[in-house]
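Worksheet: one structure, shown below.
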Amino acid sequence: MTQKNPSFVLHSPGNVQYEDRPVPELKSPYDVLVQPRWTGICGSDVHFWVDGRIGHFIVGAPMVLGHESAGTVAAIGSSVKTLKVGDRVAMEPGVPCRRCVRCKEGKYNLCADMAFAATPPCDGTLARYYALPEDYCYILPAHMSLEEGALIEPTAVAVHICKQGAVRPGDGVVVFGAGPVGLLCCAVARAFGATKVVSVDINEERLQFALKYAATAAFRSRKESPEESARRMVVECEFGPGADVIIDATGAEVCIQTAIHALRMGGTFVQGGMGKPEITWPIMAMCTKELNVKGSFRYGSGDYKTAVDMVAMGRVSVKELVTGKVKFGEAESAFRDVKAGKGIKVLIEGPSEQGVE
């Protein structure tokens with residue numbers, strides 16, 4: 001029997017099942033129904049699959065996974081004006097309340113009532129159908145594939161991080177972590193005008209990929225104190241007084257500590273990766289250098305459109321990051337590969353009209 005809305009559902013840590021869920025209703029005349037065609041696996045999806053939680057976000061009821069998606073519009077509400085059935089769109093997966101102070105000041109990513117796909121209690125996009133407001137769907141130009149569209153989400157994360165770091169033409173930037181977000185931060189920093197972009201990782205293969213992709217230099221971490229690592233980085237990468245902007249996309253304590261020591265006076269540090277709830281912080285270095293220290297969470301006003309435009313214009317390329325594609329019925333095996341660190345970005349094809357394949 002043909003399923004109406006086959007979905008990849010997490011019930012508890014390590015326990016995922018394919019289920020036929022109800023087709024989402026359009027709750028507003030401004031909503032659209034999208035058929036996700038490709039969905040990337042994010043580290044947060046894997047965390048929920050393995051641990052059933054990320055911080056205070058705990059899976060308390062069965063939840064559809066996935067939030068990095070692009071697809072085609074299957075139905076539209078009566079008041080929708082900018083989209084039509086059949087349009088190919090990148091899907092921004094977080095919808096804020098639009099009414100609170102944070103939303104009104106343009107920082108809707110900080111909305112306390114954000115409904116974000118595959119973050120408890122909200123279902124994600126690994127299903128045949130998913131409903132979104134019209135203005136959270138971004139039409140893809142004809143020359144951009146839906147696979148590229150699925151990578152707009154992590155690209156928007158990188159755009160927001162680089163905007164938080166106020167990356168400018170001529171800057172020297174260091175990015176800790178050569179995973180998908182770290183690599184995209186390198187690419188976006190270059191697009192923003194940074195002349196030197198150093199990728200830092202412990203994996204030589206990842207570093208070589210970063211050099212071919214967007215980094216102008218690579219620095220391999222090794223067992224040494226944060227101060228020693230910072231001194232070696234500044235010398236080997238010829239930063240003079242230190243880096244202008246350093247982005248951490250790892251969440252690793254030693255990377256964060258090294259970053260603070262490697263920044264120049266008045267430099268900027270942006271924390272983009274999630275790690276331990278508490279770490280030891282080099283507060284003396286931060287104060288005496290008068291550093292700008294910022295967090296970064298998802299993406300805010302204009303970031304998704306900027307990401308689409310950058311990819312569309314060729315200023316950022318995402319094709320190289322796709323190292324694997326699987327059918328919908330192979331989603332769990334893809335999650336295992338991502339957990340094992342295989343490849344850069346794995347995409348899951350949306351379920352066919354006939355069911356789970």
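Chain labels follow the order of the structure tokens: the first chain is A, the next B, and so on; residue numbering restarts at 1 in every chain, and ligands are counted from 1 in their shown order.
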
Item to check | Nearby residues (only C-alpha atoms) at most 7 Å from Thr268 of chain A, same-chain spacing under 4 positions excluded, as an NGL selection string | outcome: :A and (165 or 244-246 or 291-293)

I need the residues from that last selection saved to file as a CSV table (one decimal), in the first residue's frame (with N, CA and C atoms), if you can.
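Generated output (out09.csv):
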```
chain,number,residue,atom,x,y,z
A,165,GLY,N,31.8,37.7,13.1
A,165,GLY,CA,33.3,38.0,13.2
A,165,GLY,C,33.6,39.3,12.4
A,244,ASP,N,43.5,38.3,12.7
A,244,ASP,CA,42.5,39.3,12.9
A,244,ASP,C,41.2,38.7,13.5
A,245,VAL,N,40.8,37.6,12.9
A,245,VAL,CA,39.6,36.9,13.3
A,245,VAL,C,39.9,35.4,13.4
A,246,ILE,N,39.4,34.8,14.5
A,246,ILE,CA,39.5,33.4,14.6
A,246,ILE,C,38.1,32.8,14.9
A,291,LEU,N,39.9,41.8,23.5
A,291,LEU,CA,39.3,41.0,22.4
A,291,LEU,C,37.8,41.2,22.2
A,292,ASN,N,37.3,41.0,21.0
A,292,ASN,CA,35.9,41.0,20.8
A,292,ASN,C,35.5,39.5,20.8
A,293,VAL,N,34.7,39.1,21.7
A,293,VAL,CA,34.3,37.7,21.8
A,293,VAL,C,32.8,37.5,21.6
```

Item to check | Contacts of segment 207-210 of chain A within 9 Å, only C-alpha atoms, excl. fewer than 3 positions in-chain, as a PyMOL selection string | outcome: chain A and resi 178+183+186+198-204+213-220

Just-selected residues, N, CA and C atoms written as a PDB file, in the first residue's frame:
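The resulting selection31.pdb:
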```
ATOM      1  N   ALA A 178      37.887  21.341  10.287  1.00  0.00           N
ATOM      2  CA  ALA A 178      37.719  21.214   8.835  1.00  0.00           C
ATOM      3  C   ALA A 178      36.568  20.285   8.497  1.00  0.00           C
ATOM      4  N   LEU A 183      34.771  24.245   6.924  1.00  0.00           N
ATOM      5  CA  LEU A 183      35.154  24.424   5.523  1.00  0.00           C
ATOM      6  C   LEU A 183      34.350  25.554   4.876  1.00  0.00           C
ATOM      7  N   CYS A 186      35.620  28.887   5.879  1.00  0.00           N
ATOM      8  CA  CYS A 186      36.788  29.260   5.070  1.00  0.00           C
ATOM      9  C   CYS A 186      36.338  29.880   3.749  1.00  0.00           C
ATOM     10  N   VAL A 198      43.323  30.320   7.243  1.00  0.00           N
ATOM     11  CA  VAL A 198      44.044  29.136   7.711  1.00  0.00           C
ATOM     12  C   VAL A 198      43.059  28.131   8.295  1.00  0.00           C
ATOM     13  N   SER A 199      43.092  26.916   7.792  1.00  0.00           N
ATOM     14  CA  SER A 199      42.270  25.826   8.322  1.00  0.00           C
ATOM     15  C   SER A 199      43.089  25.033   9.327  1.00  0.00           C
ATOM     16  N   VAL A 200      42.512  24.744  10.487  1.00  0.00           N
ATOM     17  CA  VAL A 200      43.201  24.016  11.556  1.00  0.00           C
ATOM     18  C   VAL A 200      42.452  22.730  11.869  1.00  0.00           C
ATOM     19  N   ASP A 201      43.171  21.617  11.908  1.00  0.00           N
ATOM     20  CA  ASP A 201      42.548  20.341  12.233  1.00  0.00           C
ATOM     21  C   ASP A 201      43.648  19.364  12.644  1.00  0.00           C
ATOM     22  N   ILE A 202      43.243  18.222  13.187  1.00  0.00           N
ATOM     23  CA  ILE A 202      44.215  17.179  13.525  1.00  0.00           C
ATOM     24  C   ILE A 202      44.278  16.123  12.440  1.00  0.00           C
ATOM     25  N   ASN A 203      43.317  16.174  11.504  1.00  0.00           N
ATOM     26  CA  ASN A 203      43.223  15.187  10.435  1.00  0.00           C
ATOM     27  C   ASN A 203      43.890  15.719   9.168  1.00  0.00           C
ATOM     28  N   GLU A 204      44.992  15.082   8.770  1.00  0.00           N
ATOM     29  CA  GLU A 204      45.742  15.560   7.612  1.00  0.00           C
ATOM     30  C   GLU A 204      44.913  15.498   6.333  1.00  0.00           C
ATOM     31  N   TYR A 213      39.993  23.219  -1.284  1.00  0.00           N
ATOM     32  CA  TYR A 213      38.654  23.806  -1.312  1.00  0.00           C
ATOM     33  C   TYR A 213      38.666  25.329  -1.177  1.00  0.00           C
ATOM     34  N   ALA A 214      39.129  25.849  -0.038  1.00  0.00           N
ATOM     35  CA  ALA A 214      39.029  27.302   0.167  1.00  0.00           C
ATOM     36  C   ALA A 214      40.144  27.901   1.015  1.00  0.00           C
ATOM     37  N   ALA A 215      40.836  27.100   1.823  1.00  0.00           N
ATOM     38  CA  ALA A 215      41.872  27.644   2.712  1.00  0.00           C
ATOM     39  C   ALA A 215      43.116  28.028   1.919  1.00  0.00           C
ATOM     40  N   THR A 216      43.781  29.088   2.367  1.00  0.00           N
ATOM     41  CA  THR A 216      45.047  29.479   1.743  1.00  0.00           C
ATOM     42  C   THR A 216      46.234  28.823   2.444  1.00  0.00           C
ATOM     43  N   ALA A 217      46.010  28.312   3.658  1.00  0.00           N
ATOM     44  CA  ALA A 217      47.069  27.632   4.411  1.00  0.00           C
ATOM     45  C   ALA A 217      46.417  26.659   5.385  1.00  0.00           C
ATOM     46  N   ALA A 218      47.196  25.705   5.846  1.00  0.00           N
ATOM     47  CA  ALA A 218      46.699  24.706   6.797  1.00  0.00           C
ATOM     48  C   ALA A 218      47.656  24.615   7.979  1.00  0.00           C
ATOM     49  N   PHE A 219      47.089  24.321   9.145  1.00  0.00           N
ATOM     50  CA  PHE A 219      47.886  24.181  10.367  1.00  0.00           C
ATOM     51  C   PHE A 219      47.400  22.941  11.093  1.00  0.00           C
ATOM     52  N   ARG A 220      48.313  22.005  11.316  1.00  0.00           N
ATOM     53  CA  ARG A 220      47.921  20.760  11.978  1.00  0.00           C
ATOM     54  C   ARG A 220      48.199  20.853  13.474  1.00  0.00           C
TER      55      ARG A 220
END
```

Checklist entry - Taking the backbone alone, and naming residues the way the document does, which bits of segment 31-210 of chain A are strand (DSSP E or B) by DSSP, as an MDAnalysis selection string? => result chainID A and resid 31:40 53:54 57:58 63:64 68:76 88:91 94:95 115:116 127 130:133 137:139 172:176 196:201

Checklist entry - Contacts of Gly52 of chain A at 9 Å or less, counting only C-alpha atoms, minus same-chain residues fewer than 5 places along, as a VMD selection string? => result chain A and resid 10 to 14 47 57 to 60

Next on the checklist: I need the residue nearest Asp248 of chain A from this list: A:Arg264, A:Ile348, A:Met274, A:Ser229. Use only C-alpha atoms for the distance.
Outcome noted: A:Met274

Next on the checklist: Applying 7 Å and only C-alpha atoms, which residues near Thr195 of chain A remain after dropping the ones on its own chain fewer than 6 positions away? List them as a count of residues only.
Outcome noted: 4

Item to check | Contact residues around segment 120-135 of chain A with only C-alpha atoms at 7 Å, ignoring same-chain residues under 4 positions, as a count of residues only | outcome: 29

Could you give me the residues within segment 94-305 of chain A that DSSP places in alpha helix (DSSP H), as a compact mmCIF listing (two decimals) with N, CA and C atoms, in the first residue's frame?
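Written file, selection06.txt:
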```txt
# COMPACT_ATOMS: atom_id res chain seq x y z
N VAL A 101 10.59 40.71 21.14
CA VAL A 101 11.59 41.78 21.00
C VAL A 101 12.74 41.33 20.11
N ARG A 102 13.23 40.11 20.32
CA ARG A 102 14.35 39.62 19.51
C ARG A 102 13.97 39.53 18.04
N CYS A 103 12.78 39.08 17.75
CA CYS A 103 12.34 39.01 16.35
C CYS A 103 12.24 40.40 15.76
N LYS A 104 11.67 41.33 16.50
CA LYS A 104 11.45 42.67 15.98
C LYS A 104 12.75 43.44 15.78
N LEU A 146 19.30 20.87 -6.78
CA LEU A 146 18.67 20.69 -5.48
C LEU A 146 19.66 20.17 -4.45
N GLU A 147 20.67 19.42 -4.90
CA GLU A 147 21.73 18.98 -3.99
C GLU A 147 22.46 20.19 -3.41
N GLU A 148 22.77 21.17 -4.27
CA GLU A 148 23.40 22.39 -3.78
C GLU A 148 22.43 23.14 -2.84
N GLY A 149 21.15 23.09 -3.20
CA GLY A 149 20.15 23.75 -2.36
C GLY A 149 20.11 23.19 -0.95
N ALA A 150 20.35 21.89 -0.80
CA ALA A 150 20.35 21.28 0.53
C ALA A 150 21.52 21.79 1.38
N ILE A 152 22.55 24.88 1.39
CA ILE A 152 22.37 26.29 1.74
C ILE A 152 22.28 26.44 3.25
N GLU A 153 21.68 25.47 3.93
CA GLU A 153 21.53 25.59 5.40
C GLU A 153 22.89 25.72 6.09
N PRO A 154 23.83 24.79 5.93
CA PRO A 154 25.13 24.98 6.58
C PRO A 154 25.89 26.19 6.04
N THR A 155 25.64 26.56 4.77
CA THR A 155 26.28 27.77 4.24
C THR A 155 25.77 29.01 4.96
N ALA A 156 24.48 29.03 5.27
CA ALA A 156 23.91 30.16 6.02
C ALA A 156 24.49 30.24 7.42
N VAL A 157 24.76 29.07 8.02
CA VAL A 157 25.43 29.05 9.33
C VAL A 157 26.80 29.73 9.22
N ALA A 158 27.54 29.39 8.17
CA ALA A 158 28.87 29.98 7.96
C ALA A 158 28.78 31.48 7.68
N VAL A 159 27.77 31.89 6.93
CA VAL A 159 27.56 33.32 6.66
C VAL A 159 27.35 34.07 7.97
N HIS A 160 26.50 33.51 8.84
CA HIS A 160 26.22 34.17 10.11
C HIS A 160 27.47 34.24 10.99
N ILE A 161 28.25 33.19 11.02
CA ILE A 161 29.48 33.18 11.80
C ILE A 161 30.44 34.26 11.30
N CYS A 162 30.62 34.34 10.00
CA CYS A 162 31.55 35.33 9.43
C CYS A 162 31.03 36.75 9.63
N LYS A 163 29.72 36.93 9.63
CA LYS A 163 29.15 38.25 9.92
C LYS A 163 29.35 38.60 11.38
N GLN A 164 29.23 37.62 12.26
CA GLN A 164 29.50 37.85 13.68
C GLN A 164 30.96 38.26 13.89
N PRO A 180 32.20 20.20 7.74
CA PRO A 180 31.40 20.98 6.80
C PRO A 180 31.28 22.46 7.14
N VAL A 181 30.95 22.79 8.39
CA VAL A 181 30.78 24.21 8.75
C VAL A 181 32.12 24.93 8.74
N GLY A 182 33.18 24.29 9.25
CA GLY A 182 34.50 24.92 9.22
C GLY A 182 34.96 25.20 7.81
N LEU A 183 34.77 24.25 6.92
CA LEU A 183 35.15 24.42 5.52
C LEU A 183 34.35 25.55 4.88
N LEU A 184 33.06 25.60 5.16
CA LEU A 184 32.23 26.66 4.60
C LEU A 184 32.60 28.02 5.18
N CYS A 185 33.03 28.06 6.44
CA CYS A 185 33.51 29.32 7.02
C CYS A 185 34.74 29.82 6.25
N CYS A 186 35.62 28.89 5.88
CA CYS A 186 36.79 29.26 5.07
C CYS A 186 36.34 29.88 3.75
N ALA A 187 35.38 29.24 3.10
CA ALA A 187 34.90 29.71 1.80
C ALA A 187 34.20 31.06 1.91
N VAL A 188 33.35 31.22 2.93
CA VAL A 188 32.62 32.48 3.10
C VAL A 188 33.58 33.60 3.48
N ALA A 189 34.56 33.29 4.34
CA ALA A 189 35.56 34.31 4.72
C ALA A 189 36.30 34.81 3.48
N ARG A 190 36.66 33.88 2.58
CA ARG A 190 37.31 34.28 1.33
C ARG A 190 36.37 35.17 0.51
N ALA A 191 35.10 34.78 0.45
CA ALA A 191 34.13 35.56 -0.31
C ALA A 191 33.93 36.95 0.29
N GLU A 204 44.99 15.08 8.77
CA GLU A 204 45.74 15.56 7.61
C GLU A 204 44.91 15.50 6.33
N GLU A 205 44.10 14.46 6.19
CA GLU A 205 43.27 14.33 5.00
C GLU A 205 42.29 15.50 4.88
N ARG A 206 41.69 15.86 6.02
CA ARG A 206 40.76 16.99 6.03
C ARG A 206 41.49 18.30 5.69
N LEU A 207 42.70 18.45 6.20
CA LEU A 207 43.47 19.66 5.92
C LEU A 207 43.80 19.77 4.43
N GLN A 208 44.16 18.66 3.83
CA GLN A 208 44.46 18.68 2.40
C GLN A 208 43.21 19.03 1.59
N PHE A 209 42.07 18.53 2.04
CA PHE A 209 40.80 18.88 1.39
C PHE A 209 40.55 20.38 1.52
N ALA A 210 40.80 20.92 2.72
CA ALA A 210 40.57 22.34 2.98
C ALA A 210 41.43 23.20 2.06
N LEU A 211 42.66 22.79 1.84
CA LEU A 211 43.57 23.55 0.97
C LEU A 211 43.08 23.56 -0.47
N LYS A 212 42.55 22.45 -0.91
CA LYS A 212 42.03 22.38 -2.28
C LYS A 212 40.71 23.14 -2.40
N TYR A 213 39.99 23.22 -1.28
CA TYR A 213 38.65 23.81 -1.31
C TYR A 213 38.67 25.33 -1.18
N PRO A 226 48.20 25.24 24.75
CA PRO A 226 47.55 26.22 23.89
C PRO A 226 48.47 27.39 23.54
N GLU A 227 49.27 27.84 24.53
CA GLU A 227 50.18 28.95 24.27
C GLU A 227 51.24 28.58 23.24
N GLU A 228 51.80 27.38 23.37
CA GLU A 228 52.81 26.92 22.41
C GLU A 228 52.21 26.75 21.02
N SER A 229 51.02 26.19 20.96
CA SER A 229 50.36 25.99 19.68
C SER A 229 50.07 27.34 19.01
N ALA A 230 49.62 28.31 19.82
CA ALA A 230 49.33 29.64 19.29
C ALA A 230 50.59 30.30 18.75
N ARG A 231 51.69 30.21 19.50
CA ARG A 231 52.95 30.81 19.03
C ARG A 231 53.41 30.16 17.73
N ARG A 232 53.31 28.84 17.66
CA ARG A 232 53.73 28.13 16.45
C ARG A 232 52.85 28.54 15.26
N MET A 233 51.55 28.66 15.50
CA MET A 233 50.64 29.05 14.43
C MET A 233 50.96 30.44 13.90
N VAL A 234 51.16 31.39 14.80
CA VAL A 234 51.42 32.76 14.40
C VAL A 234 52.70 32.85 13.57
N VAL A 235 53.72 32.08 13.96
CA VAL A 235 55.00 32.10 13.24
C VAL A 235 54.88 31.38 11.91
N GLU A 236 54.37 30.14 11.94
CA GLU A 236 54.31 29.34 10.72
C GLU A 236 53.37 29.94 9.68
N GLU A 253 37.84 22.44 23.82
CA GLU A 253 38.40 23.40 24.77
C GLU A 253 39.79 23.88 24.36
N VAL A 254 40.66 22.96 23.96
CA VAL A 254 42.02 23.34 23.60
C VAL A 254 42.05 24.25 22.38
N CYS A 255 41.14 24.05 21.45
CA CYS A 255 41.07 24.92 20.26
C CYS A 255 40.67 26.34 20.66
N ILE A 256 39.70 26.44 21.54
CA ILE A 256 39.23 27.75 22.00
C ILE A 256 40.35 28.48 22.73
N GLN A 257 41.05 27.77 23.60
CA GLN A 257 42.14 28.39 24.34
C GLN A 257 43.26 28.85 23.40
N THR A 258 43.59 28.00 22.44
CA THR A 258 44.63 28.36 21.47
C THR A 258 44.23 29.60 20.68
N ALA A 259 42.97 29.66 20.30
CA ALA A 259 42.48 30.79 19.51
C ALA A 259 42.66 32.11 20.24
N ILE A 260 42.33 32.14 21.52
CA ILE A 260 42.46 33.38 22.29
C ILE A 260 43.91 33.86 22.32
N HIS A 261 44.83 32.92 22.44
CA HIS A 261 46.25 33.28 22.48
C HIS A 261 46.80 33.67 21.12
N ALA A 262 46.16 33.20 20.03
CA ALA A 262 46.68 33.46 18.69
C ALA A 262 46.12 34.74 18.06
N ILE A 283 41.12 34.19 30.50
CA ILE A 283 40.50 35.49 30.68
C ILE A 283 41.52 36.63 30.70
N MET A 284 42.75 36.36 31.19
CA MET A 284 43.76 37.40 31.21
C MET A 284 44.13 37.83 29.79
N ALA A 285 44.32 36.86 28.89
CA ALA A 285 44.64 37.18 27.50
C ALA A 285 43.49 37.93 26.85
N MET A 286 42.27 37.51 27.14
CA MET A 286 41.11 38.17 26.55
C MET A 286 41.04 39.64 26.99
N CYS A 287 41.26 39.89 28.26
CA CYS A 287 41.15 41.26 28.79
C CYS A 287 42.29 42.15 28.32
N THR A 288 43.53 41.67 28.44
CA THR A 288 44.68 42.51 28.09
C THR A 288 44.77 42.79 26.59
N ASP A 303 20.66 36.08 6.19
CA ASP A 303 21.76 35.11 6.03
C ASP A 303 21.43 34.03 5.00
N TYR A 304 20.19 33.55 5.02
CA TYR A 304 19.83 32.48 4.08
C TYR A 304 19.87 32.98 2.64
N LYS A 305 19.34 34.19 2.42
CA LYS A 305 19.36 34.75 1.08
C LYS A 305 20.79 35.01 0.62
```

Item to check | Distance in Å - atom CA of Ala331 of chain A versus atom CA of Val9 of chain A | outcome: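 Rounded to one decimal, the two atoms are 10.7 Å apart.
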
Item to check | Selection near segment 337-343 of chain A, 12 Å with only C-alpha atoms, sequence-local residues under 2 positions removed, as a ChimeraX atom specification | outcome: /A:14,40-51,178-180,203,205-206,209,320-326,330-335,345-348

Resulting file, chosen residues, C-alpha atoms, as a PDB file, in the first residue's frame:
```pdb
ATOM      1  CA  GLY A  14      19.747   4.589  18.489  1.00  0.00           C
ATOM      2  CA  GLY A  40      21.997  16.661   4.407  1.00  0.00           C
ATOM      3  CA  ILE A  41      22.974  15.015   7.673  1.00  0.00           C
ATOM      4  CA  CYS A  42      24.082  17.537  10.288  1.00  0.00           C
ATOM      5  CA  GLY A  43      26.084  16.856  13.441  1.00  0.00           C
ATOM      6  CA  SER A  44      23.057  17.818  15.522  1.00  0.00           C
ATOM      7  CA  ASP A  45      20.983  15.104  13.815  1.00  0.00           C
ATOM      8  CA  VAL A  46      23.646  12.568  14.757  1.00  0.00           C
ATOM      9  CA  HIS A  47      23.757  13.846  18.358  1.00  0.00           C
ATOM     10  CA  PHE A  48      20.009  13.360  18.729  1.00  0.00           C
ATOM     11  CA  TRP A  49      20.274   9.900  17.133  1.00  0.00           C
ATOM     12  CA  VAL A  50      23.083   8.841  19.470  1.00  0.00           C
ATOM     13  CA  ASP A  51      22.216  10.614  22.726  1.00  0.00           C
ATOM     14  CA  ALA A 178      37.719  21.214   8.835  1.00  0.00           C
ATOM     15  CA  GLY A 179      34.258  19.683   8.979  1.00  0.00           C
ATOM     16  CA  PRO A 180      31.400  20.977   6.797  1.00  0.00           C
ATOM     17  CA  ASN A 203      43.223  15.187  10.435  1.00  0.00           C
ATOM     18  CA  GLU A 205      43.273  14.332   4.997  1.00  0.00           C
ATOM     19  CA  ARG A 206      40.759  16.994   6.031  1.00  0.00           C
ATOM     20  CA  PHE A 209      40.805  18.882   1.385  1.00  0.00           C
ATOM     21  CA  GLU A 320      32.824  19.538  -3.550  1.00  0.00           C
ATOM     22  CA  LEU A 321      31.473  18.955  -0.041  1.00  0.00           C
ATOM     23  CA  VAL A 322      29.033  16.248  -1.145  1.00  0.00           C
ATOM     24  CA  THR A 323      30.933  13.000  -0.664  1.00  0.00           C
ATOM     25  CA  GLY A 324      28.000  10.594  -0.572  1.00  0.00           C
ATOM     26  CA  LYS A 325      24.354  10.195  -1.608  1.00  0.00           C
ATOM     27  CA  VAL A 326      21.930   7.521  -0.412  1.00  0.00           C
ATOM     28  CA  GLU A 330      19.415   3.790   3.558  1.00  0.00           C
ATOM     29  CA  ALA A 331      19.204   6.787   5.886  1.00  0.00           C
ATOM     30  CA  GLU A 332      20.295   4.930   9.032  1.00  0.00           C
ATOM     31  CA  SER A 333      23.421   3.549   7.358  1.00  0.00           C
ATOM     32  CA  ALA A 334      24.254   7.104   6.261  1.00  0.00           C
ATOM     33  CA  PHE A 335      23.936   8.261   9.875  1.00  0.00           C
ATOM     34  CA  LYS A 345      28.615  15.774   3.670  1.00  0.00           C
ATOM     35  CA  VAL A 346      26.205  12.919   2.989  1.00  0.00           C
ATOM     36  CA  LEU A 347      22.855  13.628   1.338  1.00  0.00           C
ATOM     37  CA  ILE A 348      19.692  11.545   1.667  1.00  0.00           C
TER      38      ILE A 348
END
```

Checklist entry - Any idea what the distance is between atom CA of Glu349 of chain A and atom CA of Trp38 of chain A? => result 4.7 Å

Next on the checklist: Between atom CA of Tyr138 of chain A and atom CA of Val95 of chain A, what is the distance in Å, rounded to a tenth?
Outcome noted: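 Between atom CA of Tyr138 of chain A and atom CA of Val95 of chain A the gap is 13.9 Å.
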